[in-house]
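Student: This is the content of upload-v6.txt (compact mmCIF, C-alpha atoms):
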```
# COMPACT_ATOMS: atom_id res chain seq x y z
CA MET A 252 11.41 8.93 14.16
CA LYS A 253 8.16 8.25 16.00
CA LEU A 254 6.15 9.84 13.18
CA MET A 255 8.12 7.86 10.62
CA ARG A 256 7.26 4.55 12.30
CA ARG A 257 3.66 5.69 12.64
CA ALA A 258 3.61 6.44 8.92
CA CYS A 259 4.96 3.00 8.06
CA VAL A 260 2.38 1.23 10.20
CA LEU A 261 -0.35 3.36 8.63
CA LEU A 262 0.96 2.46 5.19
CA ALA A 263 0.78 -1.25 5.92
CA LEU A 264 -2.68 -1.15 7.43
CA LEU A 265 -4.29 1.12 4.88
CA LEU A 266 -2.86 -0.69 1.87
CA CYS A 267 -4.07 -3.97 3.31
CA GLY A 268 -7.34 -2.65 4.64
CA PHE A 269 -8.96 -0.79 1.76
CA GLY A 270 -11.04 -2.72 -0.72
CA GLY A 271 -14.57 -3.45 -1.83
CA PRO A 272 -16.22 -6.76 -2.68
CA ALA A 273 -17.08 -7.45 -6.29
CA GLY A 274 -20.82 -7.48 -5.69
CA ALA A 275 -21.00 -4.26 -3.67
CA ALA A 276 -23.38 -1.47 -4.58
CA VAL A 277 -21.75 1.37 -6.50
CA ARG A 278 -21.52 4.65 -4.61
CA TYR A 279 -19.83 7.35 -6.66
CA PRO A 280 -20.08 11.08 -5.94
CA ALA A 281 -21.12 13.36 -8.77
CA VAL A 282 -17.49 14.43 -9.23
CA ALA A 283 -16.44 10.85 -10.13
CA ASN A 284 -16.92 10.09 -13.81
CA ALA A 285 -17.98 6.45 -14.20
CA ALA A 286 -15.69 6.01 -17.21
CA ASP A 287 -12.67 7.15 -15.18
CA VAL A 288 -13.58 4.79 -12.35
CA ALA A 289 -14.01 1.86 -14.74
CA ARG A 290 -10.66 2.63 -16.36
CA ILE A 291 -8.87 2.69 -13.00
CA GLU A 292 -10.54 -0.53 -11.86
CA ALA A 293 -9.60 -2.26 -15.12
CA TYR A 294 -5.98 -1.13 -14.77
CA LEU A 295 -5.71 -2.35 -11.18
CA ASN A 296 -7.40 -5.67 -11.91
CA ASN A 297 -5.01 -6.28 -14.80
CA LEU A 298 -2.00 -5.43 -12.64
CA HIS A 299 -0.72 -8.89 -11.73
CA SER A 300 2.68 -7.89 -10.37
CA LEU A 301 4.70 -4.74 -9.79
CA ARG A 302 8.23 -3.90 -8.74
CA ALA A 303 9.33 -0.33 -8.04
CA ASN A 304 11.60 1.84 -5.99
CA PHE A 305 9.78 4.18 -3.64
CA VAL A 306 10.40 7.41 -1.77
CA GLN A 307 8.29 7.87 1.34
CA ILE A 308 7.82 11.38 2.70
CA ASN A 309 6.72 11.21 6.32
CA PRO A 310 4.52 13.70 8.20
CA ASP A 311 7.58 15.31 9.84
CA GLY A 312 9.18 15.92 6.42
CA SER A 313 11.76 13.13 6.74
CA THR A 314 12.21 10.75 3.84
CA VAL A 315 13.00 7.08 3.54
CA THR A 316 13.47 4.94 0.46
CA GLY A 317 13.02 1.32 -0.39
CA LYS A 318 11.69 -1.29 -2.76
CA LEU A 319 8.06 -2.25 -3.29
CA TYR A 320 7.04 -5.68 -4.55
CA LEU A 321 3.40 -6.47 -5.32
CA LYS A 322 1.98 -9.77 -6.53
CA ARG A 323 -1.78 -9.97 -6.80
CA PRO A 324 -3.72 -11.32 -5.20
CA ASP A 325 -2.65 -11.06 -1.57
CA LYS A 326 1.11 -10.48 -1.63
CA MET A 327 3.13 -7.33 -0.92
CA ARG A 328 6.57 -6.47 0.41
CA LEU A 329 7.95 -3.07 1.41
CA ASP A 330 11.69 -3.38 1.97
CA TYR A 331 13.15 -0.18 3.41
CA ASP A 332 16.73 0.84 2.59
CA PRO A 333 19.36 1.36 5.33
CA PRO A 334 19.68 3.06 7.72
CA SER A 335 15.99 2.29 8.21
CA LYS A 336 15.39 -1.14 9.69
CA LEU A 337 11.79 -1.60 8.64
CA LEU A 338 10.18 -4.41 6.67
CA ILE A 339 6.50 -4.98 5.86
CA VAL A 340 5.36 -8.28 4.33
CA ALA A 341 1.80 -9.33 3.44
CA ASN A 342 1.39 -12.94 2.32
CA GLY A 343 -2.34 -13.48 1.99
CA TRP A 344 -3.27 -14.26 5.55
CA ASP A 345 -0.88 -12.22 7.63
CA VAL A 346 0.71 -8.77 7.53
CA ALA A 347 4.07 -8.70 9.34
CA TYR A 348 5.71 -5.42 10.40
CA GLN A 349 9.32 -5.74 11.51
CA ASP A 350 11.11 -2.86 13.22
CA GLY A 351 14.75 -3.86 13.52
CA ARG A 352 15.64 -0.75 15.51
CA LEU A 353 13.19 -1.64 18.27
CA LYS A 354 13.71 -5.38 17.71
CA GLN A 355 9.97 -5.82 17.41
CA VAL A 356 7.75 -7.82 15.07
CA ASN A 357 4.00 -7.18 14.93
CA HIS A 358 1.39 -9.16 13.04
CA VAL A 359 -2.05 -8.17 11.81
CA PHE A 360 -4.19 -11.04 10.59
CA THR A 361 -6.45 -10.55 7.63
CA ASN A 362 -9.54 -11.52 9.60
CA GLN A 363 -8.83 -8.41 11.67
CA THR A 364 -7.80 -6.19 8.75
CA PRO A 365 -9.38 -7.63 5.57
CA LEU A 366 -6.74 -7.89 2.90
CA GLY A 367 -8.15 -5.55 0.34
CA PHE A 368 -7.07 -2.66 -1.77
CA LEU A 369 -4.39 -3.45 -4.38
CA LEU A 370 -4.19 -7.02 -3.07
CA SER A 371 -7.71 -8.34 -3.47
CA LYS A 372 -8.62 -10.73 -6.26
CA GLN A 373 -11.25 -8.34 -7.61
CA ILE A 374 -10.78 -4.62 -6.99
CA ARG A 375 -13.82 -2.38 -6.84
CA LEU A 376 -13.77 1.30 -5.89
CA SER A 377 -17.18 1.00 -4.25
CA GLY A 378 -18.99 -0.86 -1.52
CA ASP A 379 -16.58 -1.05 1.42
CA VAL A 380 -14.89 2.10 0.12
CA THR A 381 -16.36 5.39 -1.06
CA ILE A 382 -14.80 7.79 -3.54
CA THR A 383 -14.75 11.28 -2.05
CA ASN A 384 -12.96 12.98 -4.91
CA LEU A 385 -11.74 12.28 -8.43
CA GLU A 386 -9.99 14.88 -10.54
CA HIS A 387 -7.66 15.35 -13.50
CA ARG A 388 -4.60 17.38 -12.57
CA GLY A 389 -1.28 17.88 -14.33
CA GLY A 390 -1.57 14.85 -16.58
CA GLU A 391 -2.77 12.64 -13.72
CA ILE A 392 -6.04 11.13 -12.52
CA GLN A 393 -6.25 11.44 -8.75
CA VAL A 394 -8.86 9.47 -6.82
CA THR A 395 -9.44 9.75 -3.06
CA LEU A 396 -11.04 6.92 -1.07
CA VAL A 397 -12.31 6.44 2.48
CA GLN A 398 -13.71 3.39 4.21
CA THR A 399 -17.47 3.61 3.79
CA ASP A 400 -18.29 2.58 7.36
CA GLU A 401 -15.52 4.63 8.98
CA PRO A 402 -14.90 7.69 6.80
CA ASN A 403 -13.18 9.58 9.62
CA GLN A 404 -10.46 6.98 10.10
CA GLY A 405 -8.31 8.23 7.23
CA SER A 406 -8.13 8.36 3.47
CA ILE A 407 -5.91 7.31 0.60
CA MET A 408 -5.38 9.32 -2.60
CA LEU A 409 -4.06 7.38 -5.58
CA ALA A 410 -2.48 9.23 -8.50
CA PHE A 411 -2.20 7.69 -11.95
CA ALA A 412 -0.46 8.97 -15.05
CA GLU A 413 -3.19 9.38 -17.69
CA GLN A 414 -1.43 8.28 -20.89
CA PRO A 415 -0.77 5.46 -20.49
CA LEU A 416 -2.54 4.80 -17.21
CA GLU A 417 0.07 3.96 -14.57
CA LEU A 418 0.17 4.16 -10.77
CA ARG A 419 2.62 6.91 -9.83
CA HIS A 420 2.15 7.80 -6.18
CA TRP A 421 -0.27 7.83 -3.29
CA THR A 422 -0.96 9.90 -0.19
CA LEU A 423 -2.24 8.45 3.08
CA ILE A 424 -3.95 10.73 5.59
CA ASP A 425 -4.67 9.33 9.04
CA SER A 426 -7.49 10.22 11.41
CA GLN A 427 -5.39 13.03 12.92
CA GLY A 428 -4.68 14.61 9.55
CA TYR A 429 -1.06 13.46 9.21
CA ALA A 430 -0.11 12.90 5.57
CA THR A 431 2.35 10.30 4.28
CA HIS A 432 3.35 10.47 0.61
CA VAL A 433 4.76 7.52 -1.33
CA LEU A 434 6.27 8.16 -4.76
CA LEU A 435 7.04 5.27 -7.10
CA GLU A 436 10.09 5.27 -9.37
CA GLN A 437 11.35 2.85 -12.04
CA VAL A 438 8.02 1.03 -12.07
CA GLU A 439 8.01 -2.42 -13.70
CA THR A 440 4.75 -4.30 -14.16
CA ASP A 441 3.89 -7.92 -14.92
CA VAL A 442 7.35 -9.07 -13.86
CA ALA A 443 8.28 -12.46 -12.44
CA LEU A 444 8.70 -12.21 -8.67
CA ASP A 445 10.19 -14.91 -6.47
CA SER A 446 7.53 -16.23 -4.08
CA ASP A 447 10.19 -16.26 -1.36
CA LEU A 448 9.96 -12.46 -1.25
CA PHE A 449 6.59 -12.78 0.44
CA VAL A 450 7.63 -15.28 3.10
CA PHE A 451 8.31 -13.53 6.39
CA ARG A 452 10.97 -15.18 8.54
CA ASP A 453 10.99 -13.95 12.10
CA PRO A 454 14.55 -12.87 13.03
CA GLN A 455 13.99 -14.38 16.45
CA PHE A 456 14.32 -17.77 14.75
CA TYR A 457 16.56 -16.65 11.86
CA PRO A 458 19.27 -14.51 13.53
CA GLU A 459 21.12 -14.06 10.22
CA LEU A 460 18.15 -11.97 8.99
CA ARG A 461 18.24 -9.47 11.84
CA ARG A 462 18.20 -5.87 10.64
```
Using structure tokens, write down the structure that the file contains.

Tutor:
Amino acid sequence: MKLMRRACVLLALLLCGFGGPAGAAVRYPAVANAADVARIEAYLNNLHSLRANFVQINPDGSTVTGKLYLKRPDKMRLDYDPPSKLLIVANGWDVAYQDGRLKQVNHVFTNQTPLGFLLSKQIRLSGDVTITNLEHRGGEIQVTLVQTDEPNQGSIMLAFAEQPLELRHWTLIDSQGYATHVLLEQVETDVALDSDLFVFRDPQFYPELRR
């Protein structure tokens, strides 16, 4: 259970912490084909909203499921299914992590963890992030990224179906080498999402929302 919570916190921070500014210098390794990078960037920048079920495989082998909502820029919600009592909401200036089991709510402000990868207005796979690997495998394009200034703090590998290009899953590896896998299912893109999904209401003040 401890590793599962650790994985969820890592998921929230890495998804909201990776990202490069539009004017950043390009830094691609030889293995990264510029055409592949441009294609991925174009796909992500044209991804205005997404709704999907997800399966999260934690470092200890346990699994949890839930629903992912993404509305670019800035907004994300990870709603975990019972018996898990976890909820992660990013709303543009704040990332809230609610653990109903521990009755705790933690906040990370975007000035501490710049709201970036997948949520930024303009996504670039360069500058603040560096591509360490890009390969074609089993009908997928897999790209691995690290933070340019802190490459030892963890990585994220994004896997896209090639034809048509579509985000399928990602793997987060923390600084200790623990891997968390998130697989997306029943992906819907460019769907209308209620803005209320991205409003976090603290259960301390809304007891009816306690998990």

Student: In terms of the shortest atom-to-atom distance over all atoms listed in the file, which of A:Val394, A:Ile407, A:Leu370, A:Leu295 is closest to Tyr320 (chain A)?

Tutor: A:Leu370

Student: From the list A:Gly378, A:Pro324, A:Gly312, A:Gly428, which residue is nearest Leu396 (chain A) when using all atoms listed in the file?

Tutor: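 Closest residue, counting all atoms listed in the file: A:Gly378.
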
Student: Would you please work out which residue, of A:Pro334, A:Lys322, A:Thr383, A:Ala293, is nearest to Thr395 (chain A) when using only C-alpha atoms?

Tutor: A:Thr383

Student: Measuring between all atoms listed in the file, which one of A:Val340, A:Ala303, A:Leu409, A:Leu435 shows the shortest distance to Leu423 (chain A)?

Tutor: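 Of A:Val340, A:Ala303, A:Leu409, A:Leu435, the one nearest Leu423 (chain A) is A:Leu409, counting all atoms listed in the file.
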
Student: Would you list the contacts of Gly405 (chain A) as a PyMOL selection string, taking every protein, DNA or RNA residue within 9 Å and counting all atoms listed in the file, but skipping same-chain residues closer than 2 positions in sequence?

Tutor: chain A and resi 265+396-398+401-403+407+423-428

Student: Grab the CA of Ser371 (chain A) to CA of Glu386 (chain A) distance for me, in Å with one decimal place.

Tutor: 24.4 Å

Student: When you count only C-alpha atoms, which of these residues is closest to His387 (chain A): A:Gln349, A:Asn284, A:Asn297, A:Gln307?

Tutor: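 Ranked by minimum distance to His387 (chain A), first place goes to A:Asn284.
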
Student: Which one of A:Val433, A:Leu418, A:Ile382, A:Leu301 sits closest to Thr316 (chain A) if you count only C-alpha atoms?

Tutor: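 Among the listed residues, the smallest separation from Thr316 (chain A) belongs to A:Val433.
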
Student: Using only C-alpha atoms - which residues lie no farther than 7 Å from the point (2.1, -10.0, 0.5) in the file's frame? Write them as a PyMOL selection string.

Tutor: chain A and resi 321+325-328+340-343+449

Student: By how many Å are CA of His420 (chain A) and CA of Ile308 (chain A) apart?

Tutor: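 A separation of 11.1 Å between them.
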
Student: Kindly give the distance, in Å, that separates CA of Gly317 (chain A) and CA of Leu329 (chain A), rounded to a single decimal.

Tutor: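 That distance, rounded to one decimal, is 6.9 Å.
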